[in-house]
Amino acid sequence: MDSELSSQPECWERAIAQASRERLLPARGQRIAVVGCGTSWFMAQSYATARESSGNGETDAYAASEASAISTRSYDAVVAITRSGTTSEILLLLAELKGSTPTVVVLGDTESPAADLADTVVGLPYADESSVVQTRFASSALVYLLTSLGIDLGSAVADARVAVAAETSAELLAAEQFSFLGTEWTIGLAHEAALKMREGVQGWTESYPAMEYRHGPISIAQPGRVTWVFGQEPSGLRDEVAATGALYVNTDTHPLADLVRVHKVTLDRARSRGLNPDTPRHLTRSVVLES
């Protein structure tokens with residue numbers, strides 16, 4: 001995980017260059033669905049929100065295991081995000097759509113079964129990983145997808161170079177609980193940050209749309225806990241969290257680079273607890289279900 005998360009700025013530069021020269025994703029104006037499992041599902045959420053809000057077309061995000069609505073709705077194409085290309089739910093969906101709805105797979109392992117089932121492959125083999133806990137593949141896939149929308153991510157790369165080298169404070173290392181918040185496309189980042197902390201640290205971690213935090217979840221904020229906001233913060237939230245005694249984190253760092261910082265904090269917290277995030281308990285690199 002250490003070497004993989006640290007390589008993200010370089011992987012992002014490659015993804016930006018690749019997306020700038022390729023035209024493999026559904027065209028502007030097409031109605032599409034984006035699917036994934038786990039981390040890839042959260043990247044699908046971020047991409048879907050960014051694509052639709054930027055005027056590129058109606059875009060829905062689904063967990064692949066809950067994508068039955070795709071067959072009953074009229075989509076021009078389906079984009080699947082998968083690092084391993086062997087996840088059972090993704091393969092089943094691609095097989096079901098074969099010959100009826102055009103599919104694009106954003107893929108880490110380009111030799112995997114998903115490459116044969118999809119109509120179009122966006123290959124990111126340089127971002128593939130051996131660690132169970134994903135970092136660079138997910139973020140590189142999202143960088144590719146956002147770049148395809150015409151979004152300039154140069155500042156994200158620069159900020160990520162700082163994030164991978166940042167020291168983790170004693171307060172973050174010792175924190176009892178984290179709540180990650182986001183707005184619009186960064187809500188997916190908040191969900192992904194929480195998943196990283198649960199996987200790597202076995203820690204109590206929650207995630208919400210930032211404006212929803214006031215509607216109940218803020219009740220758990222207290223000294224020794226952290227409220228971390230990606231991107232633009234809602235007016236007044238900082239003061240409300242400060243009143244609880246919880247540590248409030250929100251910076252002018254690009255949200256994608258802020259996710260890298262969470263990766264680094266997760267790794268440092270895991271190490272401080274004697275845990276190995278490359279092999280978290282009960283998890284494998286890919287979920288392959290019995291037939």
# chains A, B, ... in the order shown; residues from 1 in each chain; ligands from 1
$ residues_around --residues "Gln45 (chain A)" --least-positions-apart "5" --cutoff "12 Å" --atoms "only C-alpha atoms" --output "number ranges by chain"
A: 33-40, 50-52, 59-63, 79-81, 142, 145-146, 182-192
$ residues_around --residues "Ala174 (chain A)" --least-positions-apart "2" --cutoff "8 Å" --atoms "only C-alpha atoms" --output "mmCIF file with C-alpha atoms, in the first residue's frame"
data_model
loop_
_atom_site.group_PDB
_atom_site.id
_atom_site.type_symbol
_atom_site.label_atom_id
_atom_site.label_comp_id
_atom_site.auth_asym_id
_atom_site.auth_seq_id
_atom_site.Cartn_x
_atom_site.Cartn_y
_atom_site.Cartn_z
ATOM 1 C CA ALA A 170 -0.486 12.476 16.701
ATOM 2 C CA GLU A 171 -4.078 13.683 16.948
ATOM 3 C CA LEU A 172 -5.058 11.869 13.760
ATOM 4 C CA GLU A 176 -11.199 7.249 18.088
ATOM 5 C CA GLY A 224 -10.932 12.605 20.233
ATOM 6 C CA ARG A 269 -2.826 4.434 11.660
#
$ atom_distance --atom1 "CA of Ala115 (chain A)" --atom2 "CA of Lys196 (chain A)"
26.6 Å
$ select_by_dssp --residues "region 98-150 of chain A" --states "helix (DSSP H, G or I)" --output "JSON, numbers by chain"
{"A": [113, 114, 115, 116, 117, 125, 126, 127, 136, 137, 138, 139, 140, 141, 142, 143, 144, 145, 146, 147, 148]}
$ residues_around --residues "Ala15 (chain A)" --least-positions-apart "4" --cutoff "12 Å" --atoms "only C-alpha atoms" --output "mmCIF file with N, CA, C and O atoms, in the first residue's frame"
data_model
loop_
_atom_site.group_PDB
_atom_site.id
_atom_site.type_symbol
_atom_site.label_atom_id
_atom_site.label_comp_id
_atom_site.auth_asym_id
_atom_site.auth_seq_id
_atom_site.Cartn_x
_atom_site.Cartn_y
_atom_site.Cartn_z
ATOM 1 N N GLN A 8 0.683 7.643 -6.772
ATOM 2 C CA GLN A 8 -0.524 8.205 -7.378
ATOM 3 C C GLN A 8 -0.281 9.438 -8.261
ATOM 4 O O GLN A 8 -0.861 9.529 -9.352
ATOM 5 N N PRO A 9 0.541 10.401 -7.854
ATOM 6 C CA PRO A 9 0.740 11.550 -8.756
ATOM 7 C C PRO A 9 1.239 11.138 -10.145
ATOM 8 O O PRO A 9 0.768 11.665 -11.161
ATOM 9 N N GLU A 10 2.168 10.186 -10.195
ATOM 10 C CA GLU A 10 2.693 9.733 -11.478
ATOM 11 C C GLU A 10 1.614 8.981 -12.272
ATOM 12 O O GLU A 10 1.495 9.159 -13.493
ATOM 13 N N CYS A 11 0.840 8.155 -11.583
ATOM 14 C CA CYS A 11 -0.243 7.430 -12.257
ATOM 15 C C CYS A 11 -1.283 8.402 -12.805
ATOM 16 O O CYS A 11 -1.804 8.218 -13.914
ATOM 17 N N ALA A 19 -6.357 9.866 -21.178
ATOM 18 C CA ALA A 19 -7.725 10.322 -21.405
ATOM 19 C C ALA A 19 -7.784 11.447 -22.434
ATOM 20 O O ALA A 19 -8.767 11.588 -23.167
ATOM 21 N N SER A 20 -6.731 12.236 -22.492
ATOM 22 C CA SER A 20 -6.698 13.365 -23.422
ATOM 23 C C SER A 20 -6.566 12.920 -24.871
ATOM 24 O O SER A 20 -6.984 13.641 -25.789
ATOM 25 N N ARG A 21 -5.989 11.729 -25.086
ATOM 26 C CA ARG A 21 -5.808 11.266 -26.466
ATOM 27 C C ARG A 21 -6.829 10.211 -26.881
ATOM 28 O O ARG A 21 -7.010 9.959 -28.077
ATOM 29 N N GLU A 22 -7.506 9.597 -25.927
ATOM 30 C CA GLU A 22 -8.485 8.552 -26.242
ATOM 31 C C GLU A 22 -9.904 9.128 -26.272
ATOM 32 O O GLU A 22 -10.210 10.100 -25.594
ATOM 33 N N VAL A 106 -13.537 0.100 -17.399
ATOM 34 C CA VAL A 106 -12.314 0.765 -16.959
ATOM 35 C C VAL A 106 -11.604 -0.243 -16.075
ATOM 36 O O VAL A 106 -12.090 -0.591 -14.992
ATOM 37 N N GLY A 108 -8.068 -2.495 -14.498
ATOM 38 C CA GLY A 108 -6.676 -2.576 -14.081
ATOM 39 C C GLY A 108 -5.961 -3.745 -14.728
ATOM 40 O O GLY A 108 -4.912 -3.585 -15.353
ATOM 41 N N VAL A 122 -10.994 0.440 -21.411
ATOM 42 C CA VAL A 122 -10.067 1.498 -21.010
ATOM 43 C C VAL A 122 -9.070 0.837 -20.065
ATOM 44 O O VAL A 122 -9.392 0.540 -18.909
ATOM 45 N N GLY A 123 -7.888 0.564 -20.549
ATOM 46 C CA GLY A 123 -6.905 -0.177 -19.758
ATOM 47 C C GLY A 123 -5.994 0.744 -18.967
ATOM 48 O O GLY A 123 -5.378 1.651 -19.530
ATOM 49 N N LEU A 124 -5.919 0.488 -17.669
ATOM 50 C CA LEU A 124 -5.024 1.233 -16.783
ATOM 51 C C LEU A 124 -4.095 0.258 -16.058
ATOM 52 O O LEU A 124 -4.034 0.225 -14.820
ATOM 53 N N PRO A 125 -3.343 -0.568 -16.784
ATOM 54 C CA PRO A 125 -2.510 -1.585 -16.138
ATOM 55 C C PRO A 125 -1.423 -0.995 -15.251
ATOM 56 O O PRO A 125 -1.000 -1.637 -14.284
ATOM 57 N N TYR A 126 -0.970 0.209 -15.557
ATOM 58 C CA TYR A 126 0.053 0.861 -14.738
ATOM 59 C C TYR A 126 -0.465 1.261 -13.363
ATOM 60 O O TYR A 126 0.316 1.552 -12.456
ATOM 61 N N ALA A 127 -1.790 1.269 -13.193
ATOM 62 C CA ALA A 127 -2.386 1.616 -11.898
ATOM 63 C C ALA A 127 -2.876 0.393 -11.135
ATOM 64 O O ALA A 127 -3.409 0.522 -10.031
ATOM 65 N N ARG A 136 -4.336 3.573 -5.721
ATOM 66 C CA ARG A 136 -4.018 4.231 -6.982
ATOM 67 C C ARG A 136 -4.921 3.832 -8.141
ATOM 68 O O ARG A 136 -5.151 4.635 -9.046
ATOM 69 N N PHE A 137 -5.434 2.586 -8.176
ATOM 70 C CA PHE A 137 -6.302 2.255 -9.301
ATOM 71 C C PHE A 137 -7.575 3.081 -9.268
ATOM 72 O O PHE A 137 -7.983 3.676 -10.275
ATOM 73 N N ALA A 138 -8.213 3.127 -8.113
ATOM 74 C CA ALA A 138 -9.477 3.854 -8.004
ATOM 75 C C ALA A 138 -9.310 5.326 -8.340
ATOM 76 O O ALA A 138 -10.079 5.896 -9.121
ATOM 77 N N SER A 139 -8.294 5.949 -7.759
ATOM 78 C CA SER A 139 -8.108 7.377 -7.998
ATOM 79 C C SER A 139 -7.692 7.639 -9.439
ATOM 80 O O SER A 139 -8.130 8.617 -10.056
ATOM 81 N N SER A 140 -6.866 6.773 -10.021
ATOM 82 C CA SER A 140 -6.455 6.954 -11.412
ATOM 83 C C SER A 140 -7.634 6.774 -12.364
ATOM 84 O O SER A 140 -7.746 7.488 -13.378
ATOM 85 N N ALA A 141 -8.510 5.819 -12.054
ATOM 86 C CA ALA A 141 -9.714 5.637 -12.870
ATOM 87 C C ALA A 141 -10.576 6.895 -12.835
ATOM 88 O O ALA A 141 -11.064 7.360 -13.879
ATOM 89 N N LEU A 142 -10.737 7.470 -11.642
ATOM 90 C CA LEU A 142 -11.545 8.680 -11.545
ATOM 91 C C LEU A 142 -10.871 9.858 -12.238
ATOM 92 O O LEU A 142 -11.535 10.675 -12.893
ATOM 93 N N VAL A 143 -9.554 9.948 -12.133
ATOM 94 C CA VAL A 143 -8.821 10.999 -12.845
ATOM 95 C C VAL A 143 -9.045 10.870 -14.357
ATOM 96 O O VAL A 143 -9.288 11.861 -15.058
ATOM 97 N N TYR A 144 -8.974 9.661 -14.877
ATOM 98 C CA TYR A 144 -9.228 9.430 -16.296
ATOM 99 C C TYR A 144 -10.638 9.885 -16.658
ATOM 100 O O TYR A 144 -10.850 10.605 -17.655
ATOM 101 N N LEU A 145 -11.598 9.488 -15.857
ATOM 102 C CA LEU A 145 -13.003 9.790 -16.146
ATOM 103 C C LEU A 145 -13.281 11.291 -16.074
ATOM 104 O O LEU A 145 -13.969 11.848 -16.934
ATOM 105 N N LEU A 146 -12.745 11.960 -15.065
ATOM 106 C CA LEU A 146 -12.967 13.400 -14.931
ATOM 107 C C LEU A 146 -12.267 14.176 -16.046
ATOM 108 O O LEU A 146 -12.800 15.153 -16.576
ATOM 109 N N THR A 147 -11.067 13.721 -16.417
ATOM 110 C CA THR A 147 -10.357 14.375 -17.519
ATOM 111 C C THR A 147 -11.154 14.277 -18.807
ATOM 112 O O THR A 147 -11.183 15.214 -19.616
ATOM 113 N N SER A 148 -11.818 13.157 -19.007
ATOM 114 C CA SER A 148 -12.629 12.978 -20.223
ATOM 115 C C SER A 148 -13.775 13.981 -20.296
ATOM 116 O O SER A 148 -14.320 14.224 -21.381
ATOM 117 N N LEU A 153 -7.070 18.734 -14.041
ATOM 118 C CA LEU A 153 -6.666 18.178 -12.752
ATOM 119 C C LEU A 153 -5.190 18.430 -12.448
ATOM 120 O O LEU A 153 -4.597 17.733 -11.632
ATOM 121 N N GLY A 154 -4.612 19.437 -13.087
ATOM 122 C CA GLY A 154 -3.215 19.757 -12.816
ATOM 123 C C GLY A 154 -2.965 20.093 -11.362
ATOM 124 O O GLY A 154 -1.954 19.665 -10.780
ATOM 125 N N VAL A 157 -2.778 16.928 -9.151
ATOM 126 C CA VAL A 157 -1.494 16.229 -9.198
ATOM 127 C C VAL A 157 -0.474 16.927 -8.303
ATOM 128 O O VAL A 157 0.238 16.280 -7.517
#
$ atom_distance --atom1 "CA of Arg225 (chain A)" --atom2 "CA of Val241 (chain A)"
10.4 Å
$ closest_residue --among "A:Met43, A:Val201, A:Val133, A:Ala242" --to "Thr82 (chain A)" --atoms "only C-alpha atoms"
A:Met43
$ residues_around --residues "Ala257 (chain A)" --least-positions-apart "4" --cutoff "9 Å" --atoms "only C-alpha atoms" --output "list in words"
Pro9, Ser155, Ala156, Val157, Ala158, Asp159, Ala160, Arg161, Val162, Ala163, Val164, Thr253, Arg261 and Val262 of chain A
$ atom_distance --atom1 "CA of Ala69 (chain A)" --atom2 "CA of Glu96 (chain A)"
12.6 Å
$ residues_around --residues "Ser100 (chain A)" --least-positions-apart "3" --cutoff "12 Å" --atoms "only C-alpha atoms" --output "ChimeraX atom specification"
/A:70-71,74-78,93-97,103,118-119
$ decode --residues "region 22-39 of chain A" --atoms "N, CA, C and O atoms" --output "CSV table (one decimal), in the first residue's frame"
chain,number,residue,atom,x,y,z
A,22,GLU,N,-7.5,9.6,-25.9
A,22,GLU,CA,-8.5,8.6,-26.2
A,22,GLU,C,-9.9,9.1,-26.3
A,22,GLU,O,-10.2,10.1,-25.6
A,23,ARG,N,-10.8,8.5,-27.0
A,23,ARG,CA,-12.2,8.8,-27.1
A,23,ARG,C,-13.0,7.5,-26.9
A,23,ARG,O,-13.7,7.1,-27.8
A,24,LEU,N,-12.8,6.9,-25.8
A,24,LEU,CA,-13.4,5.5,-25.6
A,24,LEU,C,-14.7,5.5,-24.8
A,24,LEU,O,-15.5,4.6,-24.8
A,25,LEU,N,-15.0,6.6,-24.1
A,25,LEU,CA,-16.1,6.7,-23.2
A,25,LEU,C,-17.4,7.2,-24.0
A,25,LEU,O,-17.2,7.8,-25.0
A,26,PRO,N,-18.6,6.9,-23.4
A,26,PRO,CA,-19.8,7.4,-24.1
A,26,PRO,C,-19.7,8.9,-24.4
A,26,PRO,O,-19.2,9.7,-23.6
A,27,ALA,N,-20.3,9.2,-25.5
A,27,ALA,CA,-20.2,10.6,-26.0
A,27,ALA,C,-21.1,11.5,-25.2
A,27,ALA,O,-22.0,11.1,-24.5
A,28,ARG,N,-20.8,12.8,-25.2
A,28,ARG,CA,-21.6,13.8,-24.6
A,28,ARG,C,-23.0,13.7,-25.0
A,28,ARG,O,-23.3,13.6,-26.2
A,29,GLY,N,-24.0,13.8,-24.1
A,29,GLY,CA,-25.4,13.7,-24.4
A,29,GLY,C,-26.0,12.4,-24.3
A,29,GLY,O,-27.2,12.2,-24.2
A,30,GLN,N,-25.2,11.3,-24.2
A,30,GLN,CA,-25.7,10.0,-24.1
A,30,GLN,C,-26.1,9.7,-22.6
A,30,GLN,O,-25.5,10.2,-21.7
A,31,ARG,N,-27.2,9.0,-22.5
A,31,ARG,CA,-27.7,8.6,-21.2
A,31,ARG,C,-27.0,7.3,-20.8
A,31,ARG,O,-27.1,6.3,-21.4
A,32,ILE,N,-26.3,7.3,-19.6
A,32,ILE,CA,-25.5,6.2,-19.3
A,32,ILE,C,-25.6,5.8,-17.8
A,32,ILE,O,-26.1,6.6,-17.0
A,33,ALA,N,-25.3,4.6,-17.5
A,33,ALA,CA,-25.2,4.1,-16.2
A,33,ALA,C,-23.7,3.7,-15.9
A,33,ALA,O,-23.0,3.3,-16.8
A,34,VAL,N,-23.3,3.9,-14.7
A,34,VAL,CA,-21.9,3.6,-14.3
A,34,VAL,C,-22.0,2.6,-13.1
A,34,VAL,O,-22.8,2.9,-12.1
A,35,VAL,N,-21.3,1.5,-13.1
A,35,VAL,CA,-21.4,0.5,-12.1
A,35,VAL,C,-20.0,0.2,-11.5
A,35,VAL,O,-19.0,0.3,-12.2
A,36,GLY,N,-20.0,-0.3,-10.3
A,36,GLY,CA,-18.8,-0.8,-9.7
A,36,GLY,C,-19.2,-1.5,-8.4
A,36,GLY,O,-20.3,-1.5,-8.0
A,37,CYS,N,-18.2,-2.1,-7.7
A,37,CYS,CA,-18.4,-2.8,-6.4
A,37,CYS,C,-17.4,-2.2,-5.5
A,37,CYS,O,-16.2,-1.9,-5.8
A,38,GLY,N,-17.8,-1.9,-4.2
A,38,GLY,CA,-16.9,-1.4,-3.2
A,38,GLY,C,-16.3,0.0,-3.6
A,38,GLY,O,-17.0,0.9,-4.0
A,39,THR,N,-15.0,0.1,-3.6
A,39,THR,CA,-14.3,1.3,-4.0
A,39,THR,C,-14.7,1.8,-5.3
A,39,THR,O,-15.0,3.0,-5.6
